[in-house]
Each structure stands twice: as C-alpha cells, then as structure tokens.
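The structure file my_file.pdb is reproduced below (PDB, C-alpha atoms).
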ATOM      1  CA  MET A   1      47.908 -32.198  24.223
ATOM      2  CA  ILE A   2      46.456 -35.457  22.917
ATOM      3  CA  LYS A   3      47.669 -38.640  24.617
ATOM      4  CA  ILE A   4      47.044 -41.941  22.853
ATOM      5  CA  ASP A   5      47.869 -45.327  24.396
ATOM      6  CA  ILE A   6      45.705 -47.975  22.744
ATOM      7  CA  ASN A   7      45.636 -51.636  21.792
ATOM      8  CA  THR A   8      43.486 -53.597  19.361
ATOM      9  CA  GLU A   9      43.963 -56.984  17.721
ATOM     10  CA  ILE A  10      46.132 -55.374  15.031
ATOM     11  CA  LEU A  11      47.312 -52.126  16.624
ATOM     12  CA  SER A  12      49.449 -51.208  19.620
ATOM     13  CA  VAL A  13      50.600 -47.583  19.756
ATOM     14  CA  LYS A  14      51.510 -44.892  22.256
ATOM     15  CA  ILE A  15      51.664 -41.334  20.931
ATOM     16  CA  ASP A  16      51.705 -37.845  22.441
ATOM     17  CA  ILE A  17      50.546 -35.095  20.081
ATOM     18  CA  ASP A  18      50.936 -31.375  20.679
ATOM     19  CA  GLU A  19      47.980 -29.099  20.066
ATOM     20  CA  GLY A  20      48.034 -27.665  16.549
ATOM     21  CA  ASP A  21      50.332 -30.353  15.087
ATOM     22  CA  PHE A  22      49.823 -31.556  11.499
ATOM     23  CA  ILE A  23      50.777 -35.239  11.530
ATOM     24  CA  ALA A  24      51.095 -37.686   8.649
ATOM     25  CA  LEU A  25      50.459 -41.391   9.172
ATOM     26  CA  SER A  26      52.435 -43.437   6.697
ATOM     27  CA  GLY A  27      53.222 -47.094   6.152
ATOM     28  CA  LYS A  28      52.357 -50.074   3.991
ATOM     29  CA  SER A  29      48.803 -51.232   3.396
ATOM     30  CA  GLY A  30      47.529 -53.090   6.465
ATOM     31  CA  SER A  31      49.951 -51.399   8.852
ATOM     32  CA  GLY A  32      47.123 -49.949  10.973
ATOM     33  CA  LYS A  33      46.811 -46.362   9.726
ATOM     34  CA  THR A  34      43.082 -46.333   9.013
ATOM     35  CA  THR A  35      42.404 -48.429  12.124
ATOM     36  CA  LEU A  36      44.097 -45.766  14.258
ATOM     37  CA  LEU A  37      41.919 -43.039  12.723
ATOM     38  CA  ARG A  38      38.761 -45.073  13.281
ATOM     39  CA  VAL A  39      39.667 -45.783  16.920
ATOM     40  CA  LEU A  40      40.283 -42.056  17.501
ATOM     41  CA  ALA A  41      36.923 -41.301  15.909
ATOM     42  CA  GLY A  42      35.142 -43.886  18.073
ATOM     43  CA  LEU A  43      34.205 -45.988  15.047
ATOM     44  CA  GLU A  44      36.204 -49.010  16.266
ATOM     45  CA  SER A  45      36.721 -50.318  19.773
ATOM     46  CA  ALA A  46      40.082 -50.515  21.550
ATOM     47  CA  LYS A  47      41.579 -50.976  24.989
ATOM     48  CA  GLY A  48      43.646 -48.287  26.645
ATOM     49  CA  GLU A  49      43.342 -44.505  26.892
ATOM     50  CA  ILE A  50      42.707 -41.518  24.665
ATOM     51  CA  LYS A  51      42.972 -38.182  26.465
ATOM     52  CA  VAL A  52      42.316 -34.876  24.717
ATOM     53  CA  GLY A  53      43.228 -31.917  26.882
ATOM     54  CA  ASP A  54      41.702 -32.659  30.277
ATOM     55  CA  ASN A  55      39.017 -34.998  28.914
ATOM     56  CA  PHE A  56      39.151 -38.744  28.395
ATOM     57  CA  TRP A  57      37.556 -40.087  25.236
ATOM     58  CA  LEU A  58      38.566 -43.635  26.167
ATOM     59  CA  LYS A  59      39.470 -45.029  29.579
ATOM     60  CA  ASN A  60      38.186 -48.031  31.513
ATOM     61  CA  LYS A  61      34.386 -47.758  31.180
ATOM     62  CA  ILE A  62      34.569 -44.421  29.370
ATOM     63  CA  ASN A  63      34.166 -44.746  25.605
ATOM     64  CA  LEU A  64      32.624 -41.633  24.087
ATOM     65  CA  ALA A  65      30.368 -42.088  21.070
ATOM     66  CA  PRO A  66      31.652 -40.546  17.812
ATOM     67  CA  GLN A  67      29.183 -37.652  17.993
ATOM     68  CA  LYS A  68      30.486 -36.739  21.455
ATOM     69  CA  ARG A  69      34.111 -36.593  20.331
ATOM     70  CA  ASP A  70      35.205 -33.212  19.069
ATOM     71  CA  ILE A  71      36.415 -34.439  15.673
ATOM     72  CA  GLY A  72      36.086 -33.777  11.972
ATOM     73  CA  PHE A  73      36.544 -36.734   9.619
ATOM     74  CA  VAL A  74      37.299 -36.502   5.898
ATOM     75  CA  PHE A  75      36.762 -39.811   4.083
ATOM     76  CA  GLN A  76      38.207 -40.858   0.730
ATOM     77  CA  ASP A  77      34.723 -41.113  -0.781
ATOM     78  CA  TYR A  78      33.591 -37.645   0.432
ATOM     79  CA  ALA A  79      30.442 -39.095   2.134
ATOM     80  CA  LEU A  80      28.286 -36.080   1.199
ATOM     81  CA  PHE A  81      24.492 -36.053   1.405
ATOM     82  CA  GLU A  82      23.546 -36.271  -2.273
ATOM     83  CA  ASN A  83      20.013 -34.893  -1.737
ATOM     84  CA  MET A  84      21.262 -31.731  -0.009
ATOM     85  CA  SER A  85      22.802 -28.634  -1.526
ATOM     86  CA  ILE A  86      26.403 -27.785  -0.702
ATOM     87  CA  VAL A  87      25.499 -25.186   1.912
ATOM     88  CA  LYS A  88      22.937 -27.533   3.496
ATOM     89  CA  ASN A  89      25.612 -30.244   3.751
ATOM     90  CA  LEU A  90      27.612 -27.801   5.857
ATOM     91  CA  LEU A  91      24.682 -26.521   7.923
ATOM     92  CA  TYR A  92      23.660 -30.094   8.751
ATOM     93  CA  VAL A  93      26.746 -30.237  10.990
ATOM     94  CA  ASN A  94      26.343 -26.808  12.561
ATOM     95  CA  HIS A  95      23.696 -24.136  11.935
ATOM     96  CA  ASP A  96      26.324 -21.409  11.765
ATOM     97  CA  LEU A  97      25.579 -19.675   8.471
ATOM     98  CA  GLU A  98      28.402 -17.162   8.952
ATOM     99  CA  LEU A  99      30.978 -19.953   9.404
ATOM    100  CA  ALA A 100      29.584 -21.830   6.391
ATOM    101  CA  LYS A 101      29.867 -18.684   4.271
ATOM    102  CA  TYR A 102      33.448 -18.111   5.449
ATOM    103  CA  LEU A 103      34.513 -21.692   4.645
ATOM    104  CA  LEU A 104      32.877 -21.570   1.218
ATOM    105  CA  ASP A 105      34.611 -18.264   0.515
ATOM    106  CA  ILE A 106      38.064 -19.477   1.549
ATOM    107  CA  THR A 107      37.737 -22.578  -0.654
ATOM    108  CA  GLU A 108      36.176 -20.646  -3.570
ATOM    109  CA  LEU A 109      32.889 -22.561  -3.450
ATOM    110  CA  SER A 110      30.485 -19.687  -2.738
ATOM    111  CA  ASN A 111      29.071 -19.623  -6.264
ATOM    112  CA  LEU A 112      28.304 -23.360  -6.014
ATOM    113  CA  LYS A 113      26.590 -23.316  -2.621
ATOM    114  CA  ASN A 114      23.115 -24.160  -3.960
ATOM    115  CA  ARG A 115      24.214 -27.001  -6.221
ATOM    116  CA  LEU A 116      23.892 -30.712  -5.418
ATOM    117  CA  PRO A 117      27.036 -32.845  -4.918
ATOM    118  CA  SER A 118      26.251 -34.895  -8.048
ATOM    119  CA  THR A 119      26.892 -31.810 -10.195
ATOM    120  CA  LEU A 120      30.399 -31.206  -8.806
ATOM    121  CA  SER A 121      33.826 -32.412  -9.875
ATOM    122  CA  GLY A 122      35.945 -34.622  -7.616
ATOM    123  CA  GLY A 123      38.054 -31.667  -6.491
ATOM    124  CA  GLN A 124      34.971 -29.601  -5.679
ATOM    125  CA  LYS A 125      33.442 -32.469  -3.689
ATOM    126  CA  GLN A 126      36.671 -32.830  -1.738
ATOM    127  CA  ARG A 127      36.612 -29.131  -0.850
ATOM    128  CA  VAL A 128      33.010 -29.468   0.346
ATOM    129  CA  ALA A 129      34.034 -32.455   2.490
ATOM    130  CA  LEU A 130      36.853 -30.412   4.032
ATOM    131  CA  CYS A 131      34.509 -27.502   4.742
ATOM    132  CA  ARG A 132      31.941 -29.794   6.337
ATOM    133  CA  ALA A 133      34.606 -31.361   8.566
ATOM    134  CA  MET A 134      35.604 -27.880   9.780
ATOM    135  CA  MET A 135      32.025 -26.751  10.516
ATOM    136  CA  SER A 136      32.187 -28.103  14.075
ATOM    137  CA  ARG A 137      35.535 -26.358  14.695
ATOM    138  CA  PRO A 138      36.946 -29.746  15.783
ATOM    139  CA  LYS A 139      39.817 -30.194  18.204
ATOM    140  CA  LEU A 140      41.008 -33.055  16.004
ATOM    141  CA  LEU A 141      40.721 -33.360  12.215
ATOM    142  CA  LEU A 142      41.156 -36.887  10.823
ATOM    143  CA  MET A 143      41.748 -37.445   7.100
ATOM    144  CA  ASP A 144      42.141 -40.784   5.345
ATOM    145  CA  GLU A 145      44.068 -40.124   2.108
ATOM    146  CA  PRO A 146      41.752 -37.205   1.317
ATOM    147  CA  LEU A 147      43.436 -36.187  -1.953
ATOM    148  CA  SER A 148      44.512 -39.560  -3.342
ATOM    149  CA  ALA A 149      41.866 -39.693  -6.089
ATOM    150  CA  LEU A 150      42.694 -36.266  -7.537
ATOM    151  CA  ASP A 151      45.043 -35.342 -10.367
ATOM    152  CA  ALA A 152      48.385 -33.741  -9.527
ATOM    153  CA  GLN A 153      47.331 -30.156 -10.281
ATOM    154  CA  MET A 154      44.121 -30.328  -8.231
ATOM    155  CA  ARG A 155      45.922 -32.143  -5.421
ATOM    156  CA  SER A 156      48.522 -29.362  -5.227
ATOM    157  CA  ARG A 157      45.802 -26.714  -5.085
ATOM    158  CA  LEU A 158      43.862 -28.476  -2.339
ATOM    159  CA  GLN A 159      47.056 -29.008  -0.351
ATOM    160  CA  GLY A 160      47.328 -25.224  -0.210
ATOM    161  CA  GLU A 161      43.727 -24.899   0.942
ATOM    162  CA  LEU A 162      44.280 -27.597   3.559
ATOM    163  CA  MET A 163      47.223 -25.677   4.969
ATOM    164  CA  THR A 164      45.203 -22.443   4.958
ATOM    165  CA  LEU A 165      42.388 -24.080   6.932
ATOM    166  CA  HIS A 166      44.846 -25.703   9.325
ATOM    167  CA  ARG A 167      46.550 -22.407  10.107
ATOM    168  CA  GLU A 168      43.271 -20.480  10.312
ATOM    169  CA  PHE A 169      41.529 -22.854  12.730
ATOM    170  CA  LYS A 170      44.673 -24.152  14.509
ATOM    171  CA  THR A 171      43.147 -27.624  14.441
ATOM    172  CA  THR A 172      45.282 -30.618  15.377
ATOM    173  CA  THR A 173      45.327 -32.733  12.209
ATOM    174  CA  ILE A 174      46.174 -36.379  11.524
ATOM    175  CA  MET A 175      46.268 -37.406   7.869
ATOM    176  CA  VAL A 176      46.938 -40.775   6.248
ATOM    177  CA  SER A 177      49.079 -40.222   3.149
ATOM    178  CA  HIS A 178      51.486 -42.130   0.909
ATOM    179  CA  ASP A 179      52.575 -39.054  -1.055
ATOM    180  CA  PRO A 180      56.050 -37.871   0.084
ATOM    181  CA  SER A 181      55.667 -34.418  -1.479
ATOM    182  CA  GLU A 182      52.285 -33.966   0.190
ATOM    183  CA  ILE A 183      53.689 -35.013   3.566
ATOM    184  CA  TYR A 184      56.703 -32.729   3.235
ATOM    185  CA  LYS A 185      54.564 -29.768   2.160
ATOM    186  CA  LEU A 186      51.877 -30.054   4.832
ATOM    187  CA  CYS A 187      53.073 -31.939   7.867
ATOM    188  CA  SER A 188      55.233 -31.090  10.861
ATOM    189  CA  ARG A 189      55.650 -34.726  11.910
ATOM    190  CA  VAL A 190      55.549 -38.175  10.295
ATOM    191  CA  ILE A 191      54.613 -41.369  12.117
ATOM    192  CA  VAL A 192      55.386 -44.549  10.168
ATOM    193  CA  LEU A 193      53.454 -47.682  11.144
ATOM    194  CA  GLU A 194      54.364 -51.278  10.415
ATOM    195  CA  ASP A 195      52.370 -54.307  11.569
ATOM    196  CA  GLY A 196      50.364 -52.149  13.950
ATOM    197  CA  LYS A 197      53.369 -50.631  15.706
ATOM    198  CA  ILE A 198      55.332 -47.397  15.335
ATOM    199  CA  LEU A 199      58.352 -48.027  13.123
ATOM    200  CA  ASN A 200      59.548 -44.437  12.876
ATOM    201  CA  ASP A 201      58.585 -41.010  14.215
ATOM    202  CA  GLY A 202      60.163 -37.691  13.269
ATOM    203  CA  THR A 203      60.105 -34.629  11.042
ATOM    204  CA  PRO A 204      59.393 -35.014   7.322
ATOM    205  CA  LYS A 205      63.007 -34.065   6.586
ATOM    206  CA  ASP A 206      64.372 -36.758   8.894
ATOM    207  CA  ILE A 207      61.990 -39.472   7.683
ATOM    208  CA  LEU A 208      61.745 -38.718   3.961
ATOM    209  CA  LEU A 209      65.174 -37.387   3.025
ATOM    210  CA  LYS A 210      67.313 -40.303   4.178
ATOM    211  CA  THR A 211      70.252 -41.098   1.890
ATOM    212  CA  SER A 212      73.326 -43.236   2.365
ATOM    213  CA  GLY A 213      76.985 -42.677   1.515
ATOM    214  CA  SER A 214      77.602 -39.860  -0.962
ATOM    215  CA  GLN A 215      74.216 -40.187  -2.708
ATOM    216  CA  LYS A 216      72.523 -36.883  -3.378
ATOM    217  CA  PHE A 217      69.204 -38.144  -4.735
ATOM    218  CA  SER A 218      67.439 -41.277  -3.579
ATOM    219  CA  PHE A 219      63.923 -42.390  -4.531
ATOM    220  CA  VAL A 220      61.909 -45.590  -4.252
ATOM    221  CA  GLY A 221      60.113 -46.828  -7.370
ATOM    222  CA  GLU A 222      58.666 -49.874  -9.127
ATOM    223  CA  VAL A 223      60.211 -51.532 -12.185
ATOM    224  CA  LEU A 224      57.645 -51.510 -15.005
ATOM    225  CA  GLU A 225      59.766 -52.811 -17.874
ATOM    226  CA  ILE A 226      63.331 -53.918 -18.692
ATOM    227  CA  LYS A 227      64.365 -53.750 -22.341
ATOM    228  CA  LYS A 228      67.590 -54.330 -24.278
ATOM    229  CA  LEU A 229      68.766 -51.542 -26.550
ATOM    230  CA  ASP A 230      71.894 -52.372 -28.541
ATOM    231  CA  ALA A 231      74.648 -53.015 -25.962
ATOM    232  CA  ILE A 232      72.765 -51.576 -22.978
ATOM    233  CA  TYR A 233      69.606 -52.250 -21.019
ATOM    234  CA  ILE A 234      66.936 -49.710 -20.075
ATOM    235  CA  ALA A 235      64.692 -49.997 -17.032
ATOM    236  CA  ILE A 236      61.407 -48.053 -16.953
ATOM    237  CA  ILE A 237      60.679 -47.176 -13.334
ATOM    238  CA  ALA A 238      57.603 -45.527 -11.802
ATOM    239  CA  ILE A 239      58.476 -43.049  -9.065
ATOM    240  CA  GLY A 240      55.312 -41.538  -7.663
ATOM    241  CA  GLN A 241      53.390 -40.243 -10.670
ATOM    242  CA  GLN A 242      56.494 -39.972 -12.844
ATOM    243  CA  LEU A 243      58.204 -42.498 -15.149
ATOM    244  CA  VAL A 244      61.996 -42.472 -15.488
ATOM    245  CA  GLU A 245      64.430 -44.395 -17.658
ATOM    246  CA  VAL A 246      67.574 -45.805 -16.073
ATOM    247  CA  VAL A 247      70.497 -47.191 -18.070
ATOM    248  CA  LEU A 248      71.742 -50.577 -16.821
ATOM    249  CA  SER A 249      74.610 -52.902 -17.469
ATOM    250  CA  GLU A 250      73.860 -56.517 -18.399
ATOM    251  CA  ASN A 251      74.707 -57.682 -14.865
ATOM    252  CA  GLU A 252      72.425 -55.054 -13.301
ATOM    253  CA  ALA A 253      69.578 -55.970 -15.655
ATOM    254  CA  GLN A 254      69.850 -59.674 -14.782
ATOM    255  CA  GLY A 255      69.379 -58.814 -11.113
ATOM    256  CA  LEU A 256      66.078 -57.008 -11.692
ATOM    257  CA  ARG A 257      62.539 -58.140 -12.475
ATOM    258  CA  VAL A 258      59.316 -56.403 -13.440
ATOM    259  CA  SER A 259      57.226 -55.277 -10.418
ATOM    260  CA  GLN A 260      60.316 -55.221  -8.193
ATOM    261  CA  VAL A 261      60.558 -52.267  -5.796
ATOM    262  CA  VAL A 262      63.931 -50.577  -6.131
ATOM    263  CA  GLN A 263      65.856 -47.579  -4.866
ATOM    264  CA  VAL A 264      66.966 -45.128  -7.543
ATOM    265  CA  SER A 265      69.885 -42.934  -6.548
ATOM    266  CA  THR A 266      72.634 -40.844  -8.056
ATOM    267  CA  LYS A 267      75.874 -39.415  -6.755
ATOM    268  CA  ALA A 268      76.010 -36.611  -9.297
ATOM    269  CA  PHE A 269      74.865 -33.290  -7.927
ATOM    270  CA  ALA A 270      74.122 -31.126 -10.957
ATOM    271  CA  PRO A 271      70.311 -30.837 -11.050
ATOM    272  CA  MET A 272      68.476 -28.814 -13.672
ATOM    273  CA  LEU A 273      65.243 -27.074 -12.668
ATOM    274  CA  LEU A 274      62.811 -26.029 -15.396
ATOM    275  CA  SER A 275      59.669 -24.047 -14.615
ATOM    276  CA  LEU A 276      56.468 -25.767 -15.727
ATOM    277  CA  GLU A 277      54.300 -22.707 -15.086
TER     278      GLU A 277
END
Is it possible to give me this structure as structure tokens?
Amino acid sequence: MIKIDINTEILSVKIDIDEGDFIALSGKSGSGKTTLLRVLAGLESAKGEIKVGDNFWLKNKINLAPQKRDIGFVFQDYALFENMSIVKNLLYVNHDLELAKYLLDITELSNLKNRLPSTLSGGQKQRVALCRAMMSRPKLLLMDEPLSALDAQMRSRLQGELMTLHREFKTTTIMVSHDPSEIYKLCSRVIVLEDGKILNDGTPKDILLKTSGSQKFSFVGEVLEIKKLDAIYIAIIAIGQQLVEVVLSENEAQGLRVSQVVQVSTKAFAPMLLSLE
C-alpha cells in the first residue's frame, strides 16, 4: 500500500494506492500531474506524508533523496546516456547482467544492445528507457507521458510491452496520459486532477465512458474548420488523432467557432467495424 497525503503551492492531494495498481493521472495542462510525479520521486519538495509499505519517504524531518526511494522514472525525453551503449545504460542502474538480458529480450532489443542511443529510433529509445527504469525492480514506476511522441502504431506496440512488464514485475505504476485509449487499455484506475486537487477517481470505464441521455457514442474534439456546402454546413473536428466531418444546420454552425472544444455524440447505434490489419 502506498499512502500519499501531500501539499505544495499548487497541489493538495490524498491518495491510497494498492500494491500492483496501474494508475493513470489525467487532467488539463497545469493541473498538477507532473508535479505529483516529481514529489513522489523526491525531485520537488512538499509538506505531508508519503508512506510506501512500512517505510516513510516523506514525514516531518524525513525526506528521502531520490536515489534512496525505490522508484523507476521514465521521462518524455528518454534521458539516456548518449555516450553509453544500450546495455551499459541498463547496467549503470544495476550490475545485473541477467536482468538486463531478460529486459532486452522481452522488448526485442537484444540485437541492438551494443549500439549507442543516437543510432536508435524514437520507439527503440523509449523501450530502452523503460528497460532502464525496470533495472532496479522498483516498488513504484513513474511515467510522464512516455509514449506521447510516438506514432499510433508504435504507441500501440509499446503499450503491449508496458503491460507485459507491469504484469511480469508486479510494479505499482503511475502514468501521466491524455490518451483515452491508452488509459483504457493499460490502467486499472484513473485519477483526474484539476487545479492541484482530485476532481475524479475511478475505473477507466466509469471515468471515460460517460454519456448522457440516450447517446451511444460521445467524444470530445476540437473544431478545425466550418465550411458551407450548398444548403448545409460541414464541421471538421479533430478527435484524438482522427479527423471527422459532422453535418450541421445553419443555426448549429452559427453557434460554433474554430478552435472551440465540443462534444460529438450520436444516438444511432449501428456501428460498422472494419479490420485495418
């Protein structure tokens, strides 16, 4: 069990986390997600308590240094040592060659182990960063939007590898993510922050699949363009990484503007699924 009860100038949260949970932190930019990760890692100061198992990482005069906290941290920018080979990046954390070999095998990086990070693709660097974070067999794995810079296909693949590592090592994981599909696929719990406080806390199904009335589909997107076509109007809306066209009446079009965030929903329940593989 991890018990968190902390306060900073911009953050005030109280959370209990079960061992082995995979938790997503979600919320708007500036809501406190990254600050919470950094406080847990000991990279930012806070008042209050952090208790992991029977040990306090933060309490009164106790404030363990980052290297004394049993954590793995995966940054957005990978933070690899560019002058070290892949395997040496891993062994820098822990001189366990057998564990390094196992992690490289499970992420299909064994044939790249002697290469430098500068010769790798973004997806390969991200896998190395994940492996390095697991080298200490951490009690707590912290990830700040680890897959946000990758294309959809590579992101989907690494999501699978993330889940494999999580199940294999049974590591409690907290991940910042804005991707609903990623959260639903990986996480057992979603904590939504707003202005440094917990706005919502529940399962991905409860948090992400909220609809109202008789709506069957409901998504949030951004209006990119509104154009008139004969007697109708068409709105181009970005939903995640997809663009959709929505037919509007003149009255509906007059109530919208470019860059506006809108909810797209339908009451019809006749979906068509086409395999893309």
Problem set entry | Distance of atom CA of Glu250 of chain A from atom CA of Ala238 of chain A, expressed in Å to one decimal place |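 A separation of 20.7 Å between them.
From atom CA of Ile198 of chain A back to atom CA of Ile237 of chain A, the distance works out to 29.2 Å.
When the PyMOL selection byres ((chain A and resi 60) around 8) is run on the displayed coordinates, the residues it returns are Lys47, Gly48, Glu49, Leu58, Lys59, Lys61, Ile62 and Asn63 of chain A.
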Exercise. For Gly53 of chain A, which residue out of A:Gln242, A:Thr119, A:Thr172, A:Ser188 is the nearest one, using only C-alpha atoms?
Worked result: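 Of A:Gln242, A:Thr119, A:Thr172, A:Ser188, the one nearest Gly53 of chain A, counting only C-alpha atoms, is A:Thr172.
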Exercise. Between A:Asp144, A:Asp151, A:Asp5, A:Glu245, which one has atoms that come closest to Thr173 of chain A, using all atoms listed in the file?
Worked result: A:Asp144
Run through the PyMOL selection byres ((chain A and resi 170) around 12) on the given coordinates and return the selected residues as an mmCIF file with C-alpha atoms, in the coordinates of the input.
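Writing done, so here's out-v6.cif:
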data_model
loop_
_atom_site.group_PDB
_atom_site.id
_atom_site.type_symbol
_atom_site.label_atom_id
_atom_site.label_comp_id
_atom_site.auth_asym_id
_atom_site.auth_seq_id
_atom_site.Cartn_x
_atom_site.Cartn_y
_atom_site.Cartn_z
ATOM 1 C CA ASP A 18 50.936 -31.375 20.679
ATOM 2 C CA GLU A 19 47.980 -29.099 20.066
ATOM 3 C CA GLY A 20 48.034 -27.665 16.549
ATOM 4 C CA ASP A 21 50.332 -30.353 15.087
ATOM 5 C CA PHE A 22 49.823 -31.556 11.499
ATOM 6 C CA MET A 134 35.604 -27.880 9.780
ATOM 7 C CA ARG A 137 35.535 -26.358 14.695
ATOM 8 C CA PRO A 138 36.946 -29.746 15.783
ATOM 9 C CA LYS A 139 39.817 -30.194 18.204
ATOM 10 C CA LEU A 140 41.008 -33.055 16.004
ATOM 11 C CA LEU A 141 40.721 -33.360 12.215
ATOM 12 C CA LEU A 162 44.280 -27.597 3.559
ATOM 13 C CA MET A 163 47.223 -25.677 4.969
ATOM 14 C CA THR A 164 45.203 -22.443 4.958
ATOM 15 C CA LEU A 165 42.388 -24.080 6.932
ATOM 16 C CA HIS A 166 44.846 -25.703 9.325
ATOM 17 C CA ARG A 167 46.550 -22.407 10.107
ATOM 18 C CA GLU A 168 43.271 -20.480 10.312
ATOM 19 C CA PHE A 169 41.529 -22.854 12.730
ATOM 20 C CA THR A 171 43.147 -27.624 14.441
ATOM 21 C CA THR A 172 45.282 -30.618 15.377
ATOM 22 C CA THR A 173 45.327 -32.733 12.209
#
For this session: In Å, rounded to a single decimal, give me how far atom CA of Pro204 of chain A is from atom CA of Ile71 of chain A.
Result: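 The value is 24.5 Å.
The closest residue to Ser156 of chain A, picked from A:Gly202, A:Arg38, A:Leu130, A:Ile183 and counting all atoms listed in the file, is A:Ile183.
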